[in-house]
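query_34.txt follows (compact mmCIF, N, CA and C atoms):
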```
# COMPACT_ATOMS: atom_id res chain seq x y z
N MET A 1 13.64 -3.82 -17.90
CA MET A 1 12.60 -4.15 -16.95
C MET A 1 11.62 -2.97 -16.89
N SER A 2 10.36 -3.28 -16.94
CA SER A 2 9.34 -2.22 -16.97
C SER A 2 9.18 -1.57 -15.60
N ASP A 3 8.58 -0.41 -15.62
CA ASP A 3 8.37 0.35 -14.39
C ASP A 3 7.44 -0.41 -13.44
N LEU A 4 6.48 -1.14 -14.00
CA LEU A 4 5.55 -1.92 -13.19
C LEU A 4 6.29 -2.99 -12.39
N TRP A 5 7.21 -3.69 -13.04
CA TRP A 5 7.96 -4.74 -12.35
C TRP A 5 8.90 -4.17 -11.30
N LYS A 6 9.48 -2.99 -11.59
CA LYS A 6 10.35 -2.36 -10.60
C LYS A 6 9.57 -2.01 -9.35
N LYS A 7 8.37 -1.43 -9.52
CA LYS A 7 7.55 -1.08 -8.37
C LYS A 7 7.10 -2.34 -7.62
N TYR A 8 6.81 -3.41 -8.35
CA TYR A 8 6.43 -4.67 -7.73
C TYR A 8 7.58 -5.23 -6.87
N LEU A 9 8.80 -5.19 -7.41
CA LEU A 9 9.94 -5.69 -6.66
C LEU A 9 10.24 -4.81 -5.44
N VAL A 10 10.04 -3.51 -5.58
CA VAL A 10 10.23 -2.62 -4.42
C VAL A 10 9.19 -2.95 -3.35
N ASP A 11 7.94 -3.15 -3.77
CA ASP A 11 6.90 -3.53 -2.81
C ASP A 11 7.21 -4.86 -2.15
N LEU A 12 7.73 -5.81 -2.91
CA LEU A 12 8.12 -7.09 -2.31
C LEU A 12 9.24 -6.91 -1.29
N GLY A 13 10.19 -6.04 -1.60
CA GLY A 13 11.28 -5.77 -0.66
C GLY A 13 10.78 -5.13 0.62
N ILE A 14 9.91 -4.15 0.48
CA ILE A 14 9.33 -3.51 1.67
C ILE A 14 8.52 -4.52 2.47
N GLY A 15 7.78 -5.36 1.76
CA GLY A 15 7.01 -6.39 2.44
C GLY A 15 7.89 -7.39 3.16
N ALA A 16 9.03 -7.73 2.57
CA ALA A 16 9.94 -8.68 3.21
C ALA A 16 10.48 -8.11 4.51
N VAL A 17 10.82 -6.83 4.50
CA VAL A 17 11.28 -6.18 5.73
C VAL A 17 10.16 -6.19 6.78
N LEU A 18 8.95 -5.93 6.32
CA LEU A 18 7.80 -5.95 7.22
C LEU A 18 7.57 -7.34 7.81
N VAL A 19 7.67 -8.37 6.96
CA VAL A 19 7.47 -9.74 7.43
C VAL A 19 8.52 -10.13 8.46
N VAL A 20 9.78 -9.80 8.18
CA VAL A 20 10.85 -10.14 9.13
C VAL A 20 10.63 -9.41 10.46
N SER A 21 10.24 -8.13 10.38
CA SER A 21 9.99 -7.36 11.60
C SER A 21 8.83 -7.96 12.39
N LEU A 22 7.74 -8.27 11.70
CA LEU A 22 6.58 -8.83 12.38
C LEU A 22 6.87 -10.20 12.97
N CYS A 23 7.56 -11.04 12.21
CA CYS A 23 7.88 -12.38 12.72
C CYS A 23 8.81 -12.29 13.92
N SER A 24 9.72 -11.35 13.90
CA SER A 24 10.59 -11.15 15.06
C SER A 24 9.78 -10.68 16.26
N PHE A 25 8.85 -9.76 16.02
CA PHE A 25 8.00 -9.25 17.09
C PHE A 25 7.08 -10.33 17.66
N PHE A 26 6.56 -11.20 16.78
CA PHE A 26 5.66 -12.27 17.22
C PHE A 26 6.40 -13.44 17.85
N GLY A 27 7.73 -13.45 17.82
CA GLY A 27 8.50 -14.47 18.51
C GLY A 27 8.93 -15.65 17.67
N LEU A 28 9.18 -15.44 16.39
CA LEU A 28 9.61 -16.54 15.52
C LEU A 28 10.93 -17.14 15.98
N PHE A 29 11.86 -16.28 16.37
CA PHE A 29 13.20 -16.77 16.70
C PHE A 29 13.25 -17.43 18.08
N GLY A 30 12.19 -17.28 18.85
CA GLY A 30 12.12 -17.95 20.14
C GLY A 30 11.05 -19.04 20.17
N ALA A 31 10.59 -19.46 19.00
CA ALA A 31 9.55 -20.48 18.93
C ALA A 31 10.08 -21.80 19.48
N GLU A 32 9.24 -22.47 20.26
CA GLU A 32 9.66 -23.71 20.90
C GLU A 32 9.50 -24.93 20.02
N ASN A 33 8.61 -24.86 19.01
CA ASN A 33 8.43 -26.00 18.11
C ASN A 33 8.08 -25.48 16.72
N ALA A 34 8.03 -26.42 15.77
CA ALA A 34 7.79 -26.05 14.38
C ALA A 34 6.38 -25.50 14.19
N SER A 35 5.44 -25.99 14.95
CA SER A 35 4.06 -25.53 14.83
C SER A 35 3.95 -24.03 15.12
N ASP A 36 4.60 -23.59 16.20
CA ASP A 36 4.58 -22.16 16.53
C ASP A 36 5.28 -21.33 15.47
N ALA A 37 6.37 -21.85 14.93
CA ALA A 37 7.12 -21.12 13.90
C ALA A 37 6.28 -20.93 12.65
N PHE A 38 5.57 -21.97 12.21
CA PHE A 38 4.74 -21.84 11.02
C PHE A 38 3.53 -20.93 11.26
N ARG A 39 3.00 -20.93 12.47
CA ARG A 39 1.90 -20.03 12.79
C ARG A 39 2.36 -18.58 12.72
N VAL A 40 3.54 -18.29 13.27
CA VAL A 40 4.07 -16.93 13.24
C VAL A 40 4.37 -16.51 11.81
N LEU A 41 4.93 -17.41 11.01
CA LEU A 41 5.21 -17.09 9.60
C LEU A 41 3.91 -16.80 8.84
N SER A 42 2.89 -17.59 9.09
CA SER A 42 1.61 -17.36 8.44
C SER A 42 1.03 -16.01 8.85
N ASP A 43 1.11 -15.68 10.13
CA ASP A 43 0.60 -14.40 10.60
C ASP A 43 1.38 -13.23 9.99
N GLY A 44 2.69 -13.34 9.94
CA GLY A 44 3.51 -12.26 9.38
C GLY A 44 3.22 -12.02 7.91
N PHE A 45 3.14 -13.09 7.13
CA PHE A 45 2.84 -12.93 5.70
C PHE A 45 1.41 -12.44 5.48
N PHE A 46 0.48 -12.85 6.34
CA PHE A 46 -0.89 -12.38 6.19
C PHE A 46 -1.00 -10.88 6.44
N VAL A 47 -0.36 -10.40 7.50
CA VAL A 47 -0.42 -8.96 7.81
C VAL A 47 0.18 -8.15 6.67
N ALA A 48 1.34 -8.57 6.16
CA ALA A 48 1.97 -7.84 5.05
C ALA A 48 1.08 -7.87 3.81
N GLY A 49 0.51 -9.02 3.50
CA GLY A 49 -0.37 -9.12 2.33
C GLY A 49 -1.60 -8.26 2.47
N PHE A 50 -2.20 -8.27 3.64
CA PHE A 50 -3.39 -7.45 3.89
C PHE A 50 -3.07 -5.97 3.74
N LEU A 51 -1.94 -5.52 4.30
CA LEU A 51 -1.57 -4.11 4.20
C LEU A 51 -1.33 -3.68 2.75
N PHE A 52 -0.68 -4.53 1.97
CA PHE A 52 -0.44 -4.17 0.56
C PHE A 52 -1.72 -4.19 -0.25
N LEU A 53 -2.63 -5.11 0.06
CA LEU A 53 -3.93 -5.08 -0.63
C LEU A 53 -4.70 -3.82 -0.27
N CYS A 54 -4.65 -3.40 0.97
CA CYS A 54 -5.31 -2.15 1.37
C CYS A 54 -4.67 -0.95 0.69
N LEU A 55 -3.35 -0.95 0.59
CA LEU A 55 -2.66 0.14 -0.10
C LEU A 55 -3.05 0.20 -1.57
N GLY A 56 -3.15 -0.96 -2.21
CA GLY A 56 -3.59 -1.00 -3.60
C GLY A 56 -5.02 -0.51 -3.75
N GLY A 57 -5.90 -0.86 -2.80
CA GLY A 57 -7.28 -0.39 -2.84
C GLY A 57 -7.37 1.11 -2.65
N LEU A 58 -6.58 1.66 -1.74
CA LEU A 58 -6.57 3.11 -1.55
C LEU A 58 -6.05 3.83 -2.80
N THR A 59 -5.04 3.28 -3.43
CA THR A 59 -4.52 3.87 -4.66
C THR A 59 -5.57 3.83 -5.76
N PHE A 60 -6.30 2.72 -5.85
CA PHE A 60 -7.36 2.60 -6.85
C PHE A 60 -8.45 3.64 -6.64
N THR A 61 -8.88 3.81 -5.38
CA THR A 61 -9.94 4.79 -5.12
C THR A 61 -9.45 6.22 -5.32
N ARG A 62 -8.19 6.48 -4.97
CA ARG A 62 -7.64 7.82 -5.20
C ARG A 62 -7.56 8.11 -6.69
N ASN A 63 -7.15 7.13 -7.48
CA ASN A 63 -7.09 7.31 -8.94
C ASN A 63 -8.47 7.53 -9.53
N GLY A 64 -9.49 6.96 -8.92
CA GLY A 64 -10.85 7.10 -9.41
C GLY A 64 -11.47 8.44 -9.08
N GLY A 65 -10.83 9.23 -8.24
CA GLY A 65 -11.31 10.56 -7.93
C GLY A 65 -12.25 10.64 -6.75
N VAL A 66 -12.22 9.65 -5.88
CA VAL A 66 -13.14 9.62 -4.75
C VAL A 66 -12.95 10.82 -3.83
N MET A 67 -11.73 11.22 -3.61
CA MET A 67 -11.44 12.29 -2.66
C MET A 67 -11.04 13.60 -3.34
N ASP A 68 -11.31 13.78 -4.62
CA ASP A 68 -10.87 14.97 -5.33
C ASP A 68 -11.43 16.26 -4.76
N GLY A 69 -12.72 16.27 -4.48
CA GLY A 69 -13.33 17.49 -3.97
C GLY A 69 -12.75 17.93 -2.64
N LEU A 70 -12.60 16.98 -1.71
CA LEU A 70 -12.05 17.30 -0.40
C LEU A 70 -10.58 17.70 -0.50
N SER A 71 -9.82 16.99 -1.31
CA SER A 71 -8.40 17.32 -1.49
C SER A 71 -8.23 18.70 -2.09
N PHE A 72 -9.03 19.03 -3.10
CA PHE A 72 -8.95 20.35 -3.73
C PHE A 72 -9.31 21.44 -2.74
N THR A 73 -10.30 21.20 -1.90
CA THR A 73 -10.71 22.19 -0.92
C THR A 73 -9.59 22.48 0.07
N PHE A 74 -8.96 21.43 0.60
CA PHE A 74 -7.87 21.64 1.55
C PHE A 74 -6.65 22.27 0.89
N LYS A 75 -6.34 21.85 -0.33
CA LYS A 75 -5.20 22.43 -1.04
C LYS A 75 -5.43 23.92 -1.28
N THR A 76 -6.64 24.29 -1.66
CA THR A 76 -6.96 25.69 -1.89
C THR A 76 -6.93 26.48 -0.59
N ALA A 77 -7.45 25.89 0.47
CA ALA A 77 -7.47 26.58 1.76
C ALA A 77 -6.05 26.87 2.25
N PHE A 78 -5.16 25.91 2.12
CA PHE A 78 -3.78 26.14 2.56
C PHE A 78 -3.03 27.04 1.60
N ALA A 79 -3.39 27.03 0.32
CA ALA A 79 -2.72 27.90 -0.66
C ALA A 79 -3.08 29.36 -0.43
N ARG A 80 -4.22 29.64 0.15
CA ARG A 80 -4.63 31.03 0.41
C ARG A 80 -3.68 31.73 1.37
N ILE A 81 -2.95 30.99 2.15
CA ILE A 81 -2.00 31.58 3.09
C ILE A 81 -0.81 32.18 2.36
N ARG A 82 -0.43 31.59 1.26
CA ARG A 82 0.74 32.07 0.52
C ARG A 82 0.43 33.41 -0.15
N SER A 83 1.48 34.18 -0.37
CA SER A 83 1.29 35.51 -0.95
C SER A 83 1.00 35.47 -2.45
N ASP A 84 1.39 34.40 -3.14
CA ASP A 84 1.17 34.33 -4.59
C ASP A 84 -0.07 33.52 -4.95
N PHE A 85 -1.06 33.51 -4.07
CA PHE A 85 -2.26 32.70 -4.29
C PHE A 85 -3.01 33.12 -5.55
N GLU A 86 -3.19 34.41 -5.75
CA GLU A 86 -3.97 34.88 -6.89
C GLU A 86 -3.29 34.57 -8.22
N THR A 87 -1.98 34.57 -8.27
CA THR A 87 -1.28 34.29 -9.53
C THR A 87 -1.18 32.80 -9.81
N ALA A 88 -1.15 31.98 -8.77
CA ALA A 88 -1.01 30.53 -8.94
C ALA A 88 -2.33 29.80 -8.75
N ARG A 89 -3.43 30.52 -8.81
CA ARG A 89 -4.74 29.93 -8.57
C ARG A 89 -5.06 28.86 -9.61
N MET A 90 -5.71 27.79 -9.17
CA MET A 90 -6.00 26.65 -10.05
C MET A 90 -7.49 26.32 -9.94
N THR A 91 -8.10 26.02 -11.07
CA THR A 91 -9.50 25.61 -11.05
C THR A 91 -9.58 24.13 -10.70
N PHE A 92 -10.79 23.68 -10.37
CA PHE A 92 -10.98 22.27 -10.04
C PHE A 92 -10.68 21.38 -11.24
N ALA A 93 -11.03 21.82 -12.44
CA ALA A 93 -10.75 21.04 -13.65
C ALA A 93 -9.25 20.91 -13.87
N GLU A 94 -8.51 21.99 -13.65
CA GLU A 94 -7.05 21.93 -13.79
C GLU A 94 -6.45 21.00 -12.73
N TYR A 95 -7.00 21.07 -11.52
CA TYR A 95 -6.53 20.21 -10.44
C TYR A 95 -6.73 18.73 -10.80
N ARG A 96 -7.92 18.40 -11.33
CA ARG A 96 -8.20 17.00 -11.71
C ARG A 96 -7.28 16.53 -12.82
N GLU A 97 -7.02 17.38 -13.82
CA GLU A 97 -6.11 17.00 -14.91
C GLU A 97 -4.71 16.73 -14.37
N GLU A 98 -4.24 17.60 -13.47
CA GLU A 98 -2.91 17.41 -12.89
C GLU A 98 -2.85 16.12 -12.07
N ARG A 99 -3.91 15.86 -11.28
CA ARG A 99 -3.93 14.64 -10.46
C ARG A 99 -3.98 13.40 -11.33
N GLU A 100 -4.73 13.45 -12.43
CA GLU A 100 -4.82 12.30 -13.32
C GLU A 100 -3.49 12.04 -14.03
N ARG A 101 -2.72 13.08 -14.30
CA ARG A 101 -1.39 12.89 -14.89
C ARG A 101 -0.45 12.21 -13.91
N LYS A 102 -0.61 12.52 -12.64
CA LYS A 102 0.27 11.96 -11.61
C LYS A 102 -0.19 10.61 -11.08
N ALA A 103 -1.33 10.12 -11.51
CA ALA A 103 -1.90 8.88 -10.99
C ALA A 103 -0.96 7.70 -11.26
N SER A 104 -0.88 6.81 -10.28
CA SER A 104 -0.04 5.62 -10.42
C SER A 104 -0.93 4.38 -10.36
N SER A 105 -0.43 3.32 -10.94
CA SER A 105 -1.20 2.08 -11.01
C SER A 105 -1.20 1.37 -9.65
N PRO A 106 -2.35 0.84 -9.23
CA PRO A 106 -2.39 0.08 -7.98
C PRO A 106 -1.92 -1.36 -8.16
N LEU A 107 -1.66 -1.77 -9.38
CA LEU A 107 -1.33 -3.16 -9.68
C LEU A 107 -0.11 -3.70 -8.93
N PRO A 108 1.01 -2.96 -8.82
CA PRO A 108 2.15 -3.53 -8.07
C PRO A 108 1.83 -3.84 -6.62
N SER A 109 1.10 -2.96 -5.96
CA SER A 109 0.74 -3.19 -4.56
C SER A 109 -0.21 -4.36 -4.42
N VAL A 110 -1.17 -4.45 -5.33
CA VAL A 110 -2.13 -5.56 -5.29
C VAL A 110 -1.42 -6.89 -5.54
N LEU A 111 -0.52 -6.92 -6.52
CA LEU A 111 0.23 -8.15 -6.80
C LEU A 111 1.11 -8.55 -5.62
N ALA A 112 1.77 -7.58 -5.00
CA ALA A 112 2.60 -7.89 -3.83
C ALA A 112 1.72 -8.41 -2.70
N GLY A 113 0.56 -7.79 -2.50
CA GLY A 113 -0.36 -8.26 -1.46
C GLY A 113 -0.83 -9.68 -1.71
N LEU A 114 -1.17 -9.96 -2.96
CA LEU A 114 -1.62 -11.32 -3.30
C LEU A 114 -0.49 -12.33 -3.14
N THR A 115 0.73 -11.93 -3.48
CA THR A 115 1.88 -12.83 -3.31
C THR A 115 2.06 -13.18 -1.84
N TYR A 116 2.00 -12.17 -0.98
CA TYR A 116 2.16 -12.44 0.45
C TYR A 116 0.98 -13.21 1.04
N LEU A 117 -0.21 -12.99 0.52
CA LEU A 117 -1.36 -13.77 1.00
C LEU A 117 -1.25 -15.23 0.59
N VAL A 118 -0.76 -15.49 -0.62
CA VAL A 118 -0.55 -16.88 -1.06
C VAL A 118 0.48 -17.56 -0.15
N LEU A 119 1.56 -16.84 0.16
CA LEU A 119 2.56 -17.41 1.07
C LEU A 119 1.97 -17.64 2.46
N ALA A 120 1.10 -16.76 2.91
CA ALA A 120 0.45 -16.94 4.22
C ALA A 120 -0.42 -18.19 4.21
N VAL A 121 -1.12 -18.43 3.11
CA VAL A 121 -1.96 -19.63 3.01
C VAL A 121 -1.09 -20.88 3.00
N VAL A 122 0.04 -20.82 2.30
CA VAL A 122 0.96 -21.97 2.27
C VAL A 122 1.44 -22.30 3.68
N PHE A 123 1.87 -21.27 4.41
CA PHE A 123 2.33 -21.51 5.78
C PHE A 123 1.19 -21.94 6.69
N LEU A 124 -0.02 -21.49 6.43
CA LEU A 124 -1.18 -21.93 7.21
C LEU A 124 -1.45 -23.41 6.97
N VAL A 125 -1.35 -23.85 5.73
CA VAL A 125 -1.56 -25.27 5.41
C VAL A 125 -0.48 -26.11 6.08
N VAL A 126 0.77 -25.65 6.02
CA VAL A 126 1.85 -26.39 6.67
C VAL A 126 1.65 -26.41 8.19
N TYR A 127 1.23 -25.29 8.74
CA TYR A 127 0.94 -25.23 10.19
C TYR A 127 -0.17 -26.22 10.56
N SER A 128 -1.20 -26.28 9.75
CA SER A 128 -2.31 -27.21 10.03
C SER A 128 -1.85 -28.65 9.96
N ALA A 129 -0.97 -28.95 8.99
CA ALA A 129 -0.47 -30.32 8.85
C ALA A 129 0.44 -30.69 10.02
N VAL A 130 1.27 -29.76 10.47
CA VAL A 130 2.22 -30.04 11.54
C VAL A 130 1.52 -30.12 12.90
N SER A 131 0.57 -29.23 13.14
CA SER A 131 -0.06 -29.19 14.47
C SER A 131 -1.20 -30.17 14.62
N GLY A 132 -1.79 -30.59 13.52
CA GLY A 132 -3.00 -31.39 13.60
C GLY A 132 -2.79 -32.84 13.54
```

In structure tokens, what does this structure look like?
Amino acid sequence: MSDLWKKYLVDLGIGAVLVVSLCSFFGLFGAENASDAFRVLSDGFFVAGFLFLCLGGLTFTRNGGVMDGLSFTFKTAFARIRSDFETARMTFAEYREERERKASSPLPSVLAGLTYLVLAVVFLVVYSAVSG
């Protein structure tokens, strides 16, 4: 199994825990009718999907170097406190190369977000059919 699929399955697992927590918080287990239960399920899957899509978007922008200058500035500022600053000093070009080596793909988070959004739409359609 590829690393991409492993990360996708981990994201799905984290999302499932999030969905169960949100549905419990929104009152799924105390729902009085099927309409309320499907509404809560749709809301829970939507929130999880939205959060994973946002996480994928943040990963994409971080990989693109949007915050490199600010991150390098803060890293350098905090590194000045250490006693070995002059020996471990890093240029901005070296910092970017290191960050690009560590970059991860946003695809697993985006796929997990889309999966949860599709499930939210399914539950929304079922909710509309049951309540309407």

What separation in Å, quoted to one decimal, exists between atom N of A:Lys75 and atom C of A:Arg62?
-> 15.2 Å

Selection near A:Phe26, 9 Å with only C-alpha atoms, sequence-local residues under 6 positions removed, as an MDAnalysis selection string | chainID A and resid 40 43:44

Could you work out an axis-aligned bounding box for all listed atoms of stretch 64-76 of chain A, with 6 Å added on each of the six sides, and give its centre and edge lengths in Å to one decimal, as AutoDock Vina command-line options?
```
--center_x -9.3 --center_y 16.7 --center_z -3.9 --size_x 20.1 --size_y 31.5 --size_z 23.0
```

Nearest to A:Glu100, chosen from A:Val19, A:Asn63, A:Asp11, A:Gly56, with only C-alpha atoms counted in the distances | A:Asn63

For A:Tyr8, list every protein, DNA or RNA residue within 12 Å, evaluated using only C-alpha atoms, and leave out those in the same chain fewer than 3 positions away; present the list as JSON, numbers by chain.
-> {"A": [1, 2, 3, 4, 5, 11, 12, 13, 14, 15, 52, 56, 105, 106, 107, 108, 109, 110, 111, 112, 113, 114, 115]}

Close residues, stretch 33-35 of chain A itself excluded, 6 Å, all atoms listed in the file, min 2 positions apart in chain, as a list in words |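 So the residues in contact are Ala31, Ala37, Phe38, Arg39, Tyr127, Val130 and Ser131 of chain A.
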
Among chain A, which ones does DSSP place in helix (DSSP H, G or I), written as a ChimeraX atom specification?
-> /A:3-26,28-30,34-63,68-79,92-102,107-131

In Å, how far is it from atom CA of A:Leu51 to atom CA of A:Gly132?
-> 28.9 Å

Between atom CA of A:Arg82 and atom CA of A:Arg101, what is the distance, to one decimal in Å?
->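 Calculated distance between atom CA of A:Arg82 and atom CA of A:Arg101 is 24.7 Å.
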
Of A:Phe25, A:Gly64, A:Glu32, A:Leu53, the one sitting nearest A:Ser104 when using only C-alpha atoms is A:Gly64

Have stretch 97-116 of chain A completed to N, CA, C and O atoms, please, and pass it along as an mmCIF file, in the coordinates of the input.
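Output contents, as saved in part19.cif:
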```
data_model
loop_
_atom_site.group_PDB
_atom_site.id
_atom_site.type_symbol
_atom_site.label_atom_id
_atom_site.label_comp_id
_atom_site.auth_asym_id
_atom_site.auth_seq_id
_atom_site.Cartn_x
_atom_site.Cartn_y
_atom_site.Cartn_z
ATOM 1 N N GLU A 97 -7.020 17.380 -13.820
ATOM 2 C CA GLU A 97 -6.110 17.000 -14.910
ATOM 3 C C GLU A 97 -4.710 16.730 -14.370
ATOM 4 O O GLU A 97 -4.068 15.761 -14.768
ATOM 5 N N GLU A 98 -4.240 17.600 -13.470
ATOM 6 C CA GLU A 98 -2.910 17.410 -12.890
ATOM 7 C C GLU A 98 -2.850 16.120 -12.070
ATOM 8 O O GLU A 98 -1.888 15.371 -12.153
ATOM 9 N N ARG A 99 -3.910 15.860 -11.280
ATOM 10 C CA ARG A 99 -3.930 14.640 -10.460
ATOM 11 C C ARG A 99 -3.980 13.400 -11.330
ATOM 12 O O ARG A 99 -3.332 12.404 -11.046
ATOM 13 N N GLU A 100 -4.730 13.450 -12.430
ATOM 14 C CA GLU A 100 -4.820 12.300 -13.320
ATOM 15 C C GLU A 100 -3.490 12.040 -14.030
ATOM 16 O O GLU A 100 -3.155 10.888 -14.320
ATOM 17 N N ARG A 101 -2.720 13.080 -14.300
ATOM 18 C CA ARG A 101 -1.390 12.890 -14.890
ATOM 19 C C ARG A 101 -0.450 12.210 -13.910
ATOM 20 O O ARG A 101 0.424 11.433 -14.313
ATOM 21 N N LYS A 102 -0.610 12.520 -12.640
ATOM 22 C CA LYS A 102 0.270 11.960 -11.610
ATOM 23 C C LYS A 102 -0.190 10.610 -11.080
ATOM 24 O O LYS A 102 0.483 10.005 -10.262
ATOM 25 N N ALA A 103 -1.330 10.120 -11.510
ATOM 26 C CA ALA A 103 -1.900 8.880 -10.990
ATOM 27 C C ALA A 103 -0.960 7.700 -11.260
ATOM 28 O O ALA A 103 -0.331 7.606 -12.310
ATOM 29 N N SER A 104 -0.880 6.810 -10.280
ATOM 30 C CA SER A 104 -0.040 5.620 -10.420
ATOM 31 C C SER A 104 -0.930 4.380 -10.360
ATOM 32 O O SER A 104 -2.006 4.388 -9.776
ATOM 33 N N SER A 105 -0.430 3.320 -10.940
ATOM 34 C CA SER A 105 -1.200 2.080 -11.010
ATOM 35 C C SER A 105 -1.200 1.370 -9.650
ATOM 36 O O SER A 105 -0.152 1.270 -8.999
ATOM 37 N N PRO A 106 -2.350 0.840 -9.230
ATOM 38 C CA PRO A 106 -2.390 0.080 -7.980
ATOM 39 C C PRO A 106 -1.920 -1.360 -8.160
ATOM 40 O O PRO A 106 -1.790 -2.098 -7.179
ATOM 41 N N LEU A 107 -1.660 -1.770 -9.380
ATOM 42 C CA LEU A 107 -1.330 -3.160 -9.680
ATOM 43 C C LEU A 107 -0.110 -3.700 -8.930
ATOM 44 O O LEU A 107 -0.173 -4.823 -8.406
ATOM 45 N N PRO A 108 1.010 -2.960 -8.820
ATOM 46 C CA PRO A 108 2.150 -3.530 -8.070
ATOM 47 C C PRO A 108 1.830 -3.840 -6.620
ATOM 48 O O PRO A 108 2.213 -4.896 -6.104
ATOM 49 N N SER A 109 1.100 -2.960 -5.960
ATOM 50 C CA SER A 109 0.740 -3.190 -4.560
ATOM 51 C C SER A 109 -0.210 -4.360 -4.420
ATOM 52 O O SER A 109 -0.088 -5.178 -3.505
ATOM 53 N N VAL A 110 -1.170 -4.450 -5.330
ATOM 54 C CA VAL A 110 -2.130 -5.560 -5.290
ATOM 55 C C VAL A 110 -1.420 -6.890 -5.540
ATOM 56 O O VAL A 110 -1.666 -7.882 -4.849
ATOM 57 N N LEU A 111 -0.520 -6.920 -6.520
ATOM 58 C CA LEU A 111 0.230 -8.150 -6.800
ATOM 59 C C LEU A 111 1.110 -8.550 -5.620
ATOM 60 O O LEU A 111 1.205 -9.743 -5.283
ATOM 61 N N ALA A 112 1.770 -7.580 -5.000
ATOM 62 C CA ALA A 112 2.600 -7.890 -3.830
ATOM 63 C C ALA A 112 1.720 -8.410 -2.700
ATOM 64 O O ALA A 112 2.088 -9.375 -2.011
ATOM 65 N N GLY A 113 0.560 -7.790 -2.500
ATOM 66 C CA GLY A 113 -0.360 -8.260 -1.460
ATOM 67 C C GLY A 113 -0.830 -9.680 -1.710
ATOM 68 O O GLY A 113 -0.886 -10.503 -0.798
ATOM 69 N N LEU A 114 -1.170 -9.960 -2.960
ATOM 70 C CA LEU A 114 -1.620 -11.320 -3.300
ATOM 71 C C LEU A 114 -0.490 -12.330 -3.140
ATOM 72 O O LEU A 114 -0.719 -13.458 -2.679
ATOM 73 N N THR A 115 0.730 -11.930 -3.480
ATOM 74 C CA THR A 115 1.880 -12.830 -3.310
ATOM 75 C C THR A 115 2.060 -13.180 -1.840
ATOM 76 O O THR A 115 2.231 -14.362 -1.483
ATOM 77 N N TYR A 116 2.000 -12.170 -0.980
ATOM 78 C CA TYR A 116 2.160 -12.440 0.450
ATOM 79 C C TYR A 116 0.980 -13.210 1.040
ATOM 80 O O TYR A 116 1.160 -14.027 1.939
#
```
